[in-house]
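Engineer: Pasting run_30.cif here (mmCIF, C-alpha atoms):
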data_target
#
loop_
_atom_site.label_atom_id
_atom_site.label_comp_id
_atom_site.auth_asym_id
_atom_site.auth_seq_id
_atom_site.Cartn_x
_atom_site.Cartn_y
_atom_site.Cartn_z
CA MET A 1 100.06 85.60 83.82
CA ALA A 2 97.83 88.62 84.42
CA THR A 3 97.68 90.23 87.86
CA LYS A 4 94.53 89.28 89.76
CA ILE A 5 92.39 91.85 91.56
CA ALA A 6 92.91 89.92 94.81
CA GLU A 7 96.57 90.98 94.71
CA VAL A 8 95.86 94.73 94.70
CA MET A 9 92.37 95.27 96.18
CA THR A 10 91.57 96.77 99.56
CA ASP A 11 90.31 93.96 101.81
CA ARG A 12 87.37 94.43 104.16
CA PRO A 13 86.36 97.91 102.98
CA ARG A 14 84.23 100.16 105.15
CA ALA A 15 80.58 99.72 104.18
CA VAL A 16 77.22 101.07 105.31
CA THR A 17 73.69 99.69 105.46
CA PRO A 18 70.76 101.17 103.53
CA GLN A 19 69.51 102.78 106.77
CA THR A 20 72.76 104.68 107.49
CA SER A 21 72.20 108.43 107.50
CA ILE A 22 73.74 110.62 104.81
CA ARG A 23 75.67 112.52 107.50
CA GLU A 24 77.18 109.30 108.90
CA ALA A 25 78.15 108.15 105.39
CA ALA A 26 79.85 111.51 104.72
CA ARG A 27 81.66 111.30 108.06
CA LEU A 28 82.90 107.79 107.24
CA MET A 29 84.08 108.92 103.79
CA ASP A 30 86.06 111.69 105.45
CA GLU A 31 87.48 109.34 108.09
CA GLU A 32 88.46 106.69 105.52
CA ALA A 33 89.59 109.24 102.88
CA VAL A 34 87.38 107.63 100.20
CA GLY A 35 84.83 108.98 97.75
CA SER A 36 82.39 106.09 97.89
CA LEU A 37 81.05 103.49 100.29
CA PRO A 38 79.45 100.20 99.33
CA ILE A 39 75.99 99.59 100.75
CA VAL A 40 75.41 96.10 102.08
CA SER A 41 72.51 94.12 103.49
CA GLU A 42 72.75 92.46 106.88
CA GLN A 43 74.32 89.44 105.18
CA ALA A 44 77.12 91.65 103.73
CA ARG A 45 75.54 91.39 100.28
CA LEU A 46 76.25 94.34 98.02
CA VAL A 47 73.00 96.22 97.30
CA GLY A 48 74.29 99.61 96.17
CA ILE A 49 76.96 102.25 96.48
CA VAL A 50 76.86 105.82 97.78
CA THR A 51 79.33 108.34 96.41
CA ASP A 52 80.36 111.80 97.46
CA ARG A 53 78.68 112.94 94.24
CA ASP A 54 75.41 111.25 95.27
CA ILE A 55 75.56 113.19 98.54
CA ALA A 56 76.28 116.51 96.80
CA VAL A 57 73.77 116.15 93.95
CA ARG A 58 70.95 114.04 95.37
CA ALA A 59 71.03 115.28 98.97
CA VAL A 60 72.69 118.68 99.47
CA ALA A 61 71.49 120.23 96.20
CA ARG A 62 67.93 119.02 96.87
CA GLY A 63 67.84 120.18 100.49
CA ARG A 64 67.56 116.72 102.05
CA ASP A 65 68.09 116.47 105.81
CA PRO A 66 71.43 114.65 106.24
CA GLU A 67 70.49 113.42 109.72
CA GLN A 68 67.11 111.97 108.74
CA THR A 69 67.68 110.77 105.17
CA PRO A 70 69.06 107.24 104.77
CA VAL A 71 71.67 106.60 102.07
CA ALA A 72 69.27 104.20 100.35
CA GLU A 73 67.24 107.22 99.18
CA ILE A 74 70.15 108.82 97.31
CA ALA A 75 72.49 105.92 96.49
CA SER A 76 73.51 104.57 93.14
CA GLU A 77 71.86 101.18 92.89
CA GLU A 78 73.27 100.35 89.46
CA VAL A 79 76.60 98.95 90.61
CA TYR A 80 79.36 97.29 88.63
CA ALA A 81 81.27 94.63 90.58
CA LEU A 82 84.13 92.23 89.97
CA THR A 83 85.52 89.15 91.73
CA PRO A 84 88.94 88.68 93.33
CA ASP A 85 89.80 86.24 90.51
CA ASP A 86 89.21 88.78 87.73
CA ASP A 87 92.35 90.35 86.32
CA LEU A 88 93.32 94.01 86.30
CA ASP A 89 92.44 94.31 82.62
CA SER A 90 88.82 93.43 83.51
CA ALA A 91 88.88 96.07 86.23
CA LEU A 92 90.22 98.71 83.85
CA GLU A 93 87.65 97.78 81.20
CA THR A 94 84.80 97.94 83.73
CA MET A 95 85.98 101.30 85.09
CA ALA A 96 86.25 102.78 81.61
CA ARG A 97 82.87 101.41 80.46
CA ALA A 98 81.03 102.56 83.60
CA GLN A 99 83.14 105.73 84.04
CA VAL A 100 83.87 105.02 87.70
CA ARG A 101 87.08 105.15 89.70
CA ARG A 102 86.27 102.43 92.23
CA VAL A 103 84.66 99.00 91.87
CA PRO A 104 83.38 96.70 94.65
CA ILE A 105 84.76 93.16 94.74
CA VAL A 106 82.30 90.37 95.55
CA VAL A 107 82.20 86.59 95.97
CA ARG A 108 79.40 84.02 95.96
CA GLU A 109 76.02 85.78 96.20
CA ASN A 110 77.35 89.35 95.88
CA GLU A 111 79.08 89.16 99.28
CA LEU A 112 81.34 92.21 99.55
CA VAL A 113 85.00 91.32 100.19
CA GLY A 114 86.93 94.31 98.85
CA MET A 115 87.24 97.40 96.67
CA VAL A 116 89.64 98.14 93.84
CA SER A 117 90.43 101.68 92.72
CA GLN A 118 92.27 103.38 89.92
CA ALA A 119 95.07 104.08 92.39
CA ASP A 120 95.35 100.39 93.31
CA ILE A 121 95.78 99.49 89.65
CA ALA A 122 98.22 102.33 89.02
CA ARG A 123 100.40 101.14 91.90
CA ALA A 124 100.44 97.67 90.30
CA GLY A 125 102.45 99.24 87.47
CA LYS A 126 100.23 99.23 84.38
CA GLU A 127 101.18 102.81 83.49
CA LYS A 128 100.14 102.94 79.82
CA THR A 129 96.87 101.07 80.31
CA THR A 130 96.04 102.97 83.50
CA GLY A 131 96.64 106.27 81.71
CA GLU A 132 94.26 105.25 78.94
CA VAL A 133 91.58 104.32 81.48
CA VAL A 134 92.00 107.56 83.42
CA GLN A 135 91.50 109.40 80.15
CA ALA A 136 88.40 107.34 79.28
CA ILE A 137 86.88 107.78 82.75
CA SER A 138 87.61 111.48 82.76
CA GLN A 139 85.90 112.31 79.47
CA PRO A 140 83.81 115.45 79.98
CA PRO A 141 80.05 115.09 79.66
CA ARG A 142 78.49 116.17 76.38
CA GLY A 143 76.30 119.23 75.93
CA PRO A 144 76.27 122.78 77.19
CA ARG A 145 76.98 123.84 80.76
CA ILE A 146 74.07 126.13 81.47
CA ALA A 147 73.10 127.25 84.94
CA GLY A 148 70.97 130.07 86.25
CA PRO A 149 67.52 130.90 87.54
CA GLU A 150 65.93 130.91 84.07
CA THR A 151 67.18 127.37 83.35
CA GLY A 152 66.29 125.80 86.67
CA GLY A 153 69.95 125.29 87.55
CA GLY A 154 70.67 122.35 85.28
CA GLY A 155 69.44 118.87 84.54
CA ALA A 156 67.74 116.33 86.73
CA SER A 157 69.07 112.98 87.81
CA VAL A 158 67.02 110.10 86.48
CA ARG A 159 66.72 106.83 88.32
CA GLY A 160 65.50 103.78 86.48
CA GLU A 161 63.15 101.16 87.78
CA SER A 162 65.68 98.38 87.44
CA ALA A 163 68.69 98.31 89.69
CA GLY A 164 71.31 95.73 90.24
CA VAL A 165 74.89 94.65 90.50
CA HIS A 166 76.73 94.06 87.24
CA SER A 167 79.73 91.77 87.03
CA ALA A 168 82.59 91.76 84.58
CA GLY A 169 80.69 89.02 82.77
CA ASP A 170 77.91 91.45 81.95
CA ARG A 171 79.21 92.68 78.63
CA ALA A 172 76.09 94.55 77.55
CA GLU A 173 76.80 97.53 75.38
CA ALA A 174 76.13 100.27 77.92
CA GLY A 175 78.84 102.79 77.33
CA SER A 176 77.36 106.06 78.53
CA GLU A 177 75.44 107.41 81.49
CA GLU A 178 72.45 108.14 79.29
CA GLU A 179 72.18 104.45 78.43
CA GLN A 180 72.36 103.28 82.05
CA PRO A 181 69.20 104.09 84.05
CA GLY A 182 69.94 104.69 87.70
CA TYR A 183 73.66 105.06 87.09
CA SER A 184 75.46 107.81 88.94
CA ARG A 185 78.93 108.72 87.75
CA ASP A 186 81.50 108.18 90.52
CA ALA A 187 83.36 111.46 90.14
#
Write out the structure in this file as structure tokens.
Structural biologist:
Amino acid sequence: MATKIAEVMTDRPRAVTPQTSIREAARLMDEEAVGSLPIVSEQARLVGIVTDRDIAVRAVARGRDPEQTPVAEIASEEVYALTPDDDLDSALETMARAQVRRVPIVVRENELVGMVSQADIARAGKEKTTGEVVQAISQPPRGPRIAGPETGGGGASVRGESAGVHSAGDRAEAGSEEEQPGYSRDA
């Protein structure tokens, strides 16, 4: 029988609300030693996720005030989630497809109950499969790496109009960042 996510996930993860300041989110990431925080509504429903990359790229690089800017303005709203009853293979598949290292775990109406990370799965002992997923997640982006004043410093982040939480059951063919509007790679 396959190992269930409930057996390896982190229960009751630290989360923030959409109104939490960027500075407070960064402080919590430092305190918890994590690279992302789920964003929940008042009913603990998952509505997004903010990553250290979101903070660096969408806030710091754009000169946003970390005290006054809420995480909702920079967060990744296109979130992939799983349930405690999904197995580790589903988690690995979701992580590889979305190129993320952490996935929120939800029940009922997207109520946040946990987080599962690459490290959680690796500790569960799926060495070969975990290695393959790490390789898939860590694929370098395509295209040149050009930076400088004449190029404007690089590309822009594009946010789509549709946002939402995707479950393991959502098996749409969306394999790359370019095909996923609003998706921010959890580096």
Engineer: What's the 10 Å shell around region 33-39 of chain A, counting only C-alpha atoms, without same-chain residues fewer than 5 positions away, as a VMD selection string?
Structural biologist: chain A and resid 13 to 20 25 to 28 44 to 55 71 to 72 75 to 77 79 101 to 105 112 114 to 115 186 to 187
Engineer: Got a sec to resolve the PyMOL selection byres ((chain A and resi 88) around 9) on this structure and send the residues as a ChimeraX atom specification?
Structural biologist: /A:2-5,8,86-87,89-93,121,124,126
Engineer: For the PyMOL selection byres ((chain A and resi 22) around 6), applied here, can you spell out every residue it catches as a list in words?
Structural biologist: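 Checking the PyMOL selection byres ((chain A and resi 22) around 6) against this file, the residues are Ser21, Arg23, Glu24, Ala25, Pro66, Pro70 and Val71 of chain A.
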Engineer: Looking at all atoms listed in the file, which of A:Val40, A:Ala61, A:Met9, A:Val107 is the one that sits closest to Ala119 (chain A)?
Structural biologist: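 Of all the options, A:Met9 lies closest to Ala119 (chain A).
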Engineer: Can you measure CA of Ala56 (chain A) to CA of Met95 (chain A) for me? One decimal in Å is fine.
Structural biologist: 21.5 Å
Engineer: If I take CA of Arg97 (chain A) and CA of Asp30 (chain A), how far is one from the other in Å, to one decimal?
Structural biologist: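 Atom-to-atom, CA of Arg97 (chain A) to CA of Asp30 (chain A), that is 27.2 Å.
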Engineer: With only C-alpha atoms as the basis for distance, which of A:Gln118, A:Glu109, A:Glu42, A:Pro84 is at the shortest distance from Ala6 (chain A)?
Structural biologist: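 Closest to Ala6 (chain A), using only C-alpha atoms: A:Pro84.
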Engineer: Give me, please, the distance in Å between CA of Glu7 (chain A) and CA of Met29 (chain A), quoted to one decimal.
Structural biologist: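 Between CA of Glu7 (chain A) and CA of Met29 (chain A) the gap is 23.7 Å.
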Engineer: Using all atoms listed in the file, can you tell me which of A:Arg108, A:Arg62, A:Arg12, A:Arg123 comes closest to Thr83 (chain A)?
Structural biologist: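 With all atoms listed in the file as the atom set, the closest residue is A:Arg108.
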Engineer: A:Glu67, A:Thr10, A:Ala98, A:Leu82: which is nearest Glu111 (chain A), counting all atoms listed in the file?
Structural biologist: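 Going through A:Glu67, A:Thr10, A:Ala98, A:Leu82 one by one, the smallest distance to Glu111 (chain A) is for A:Leu82.
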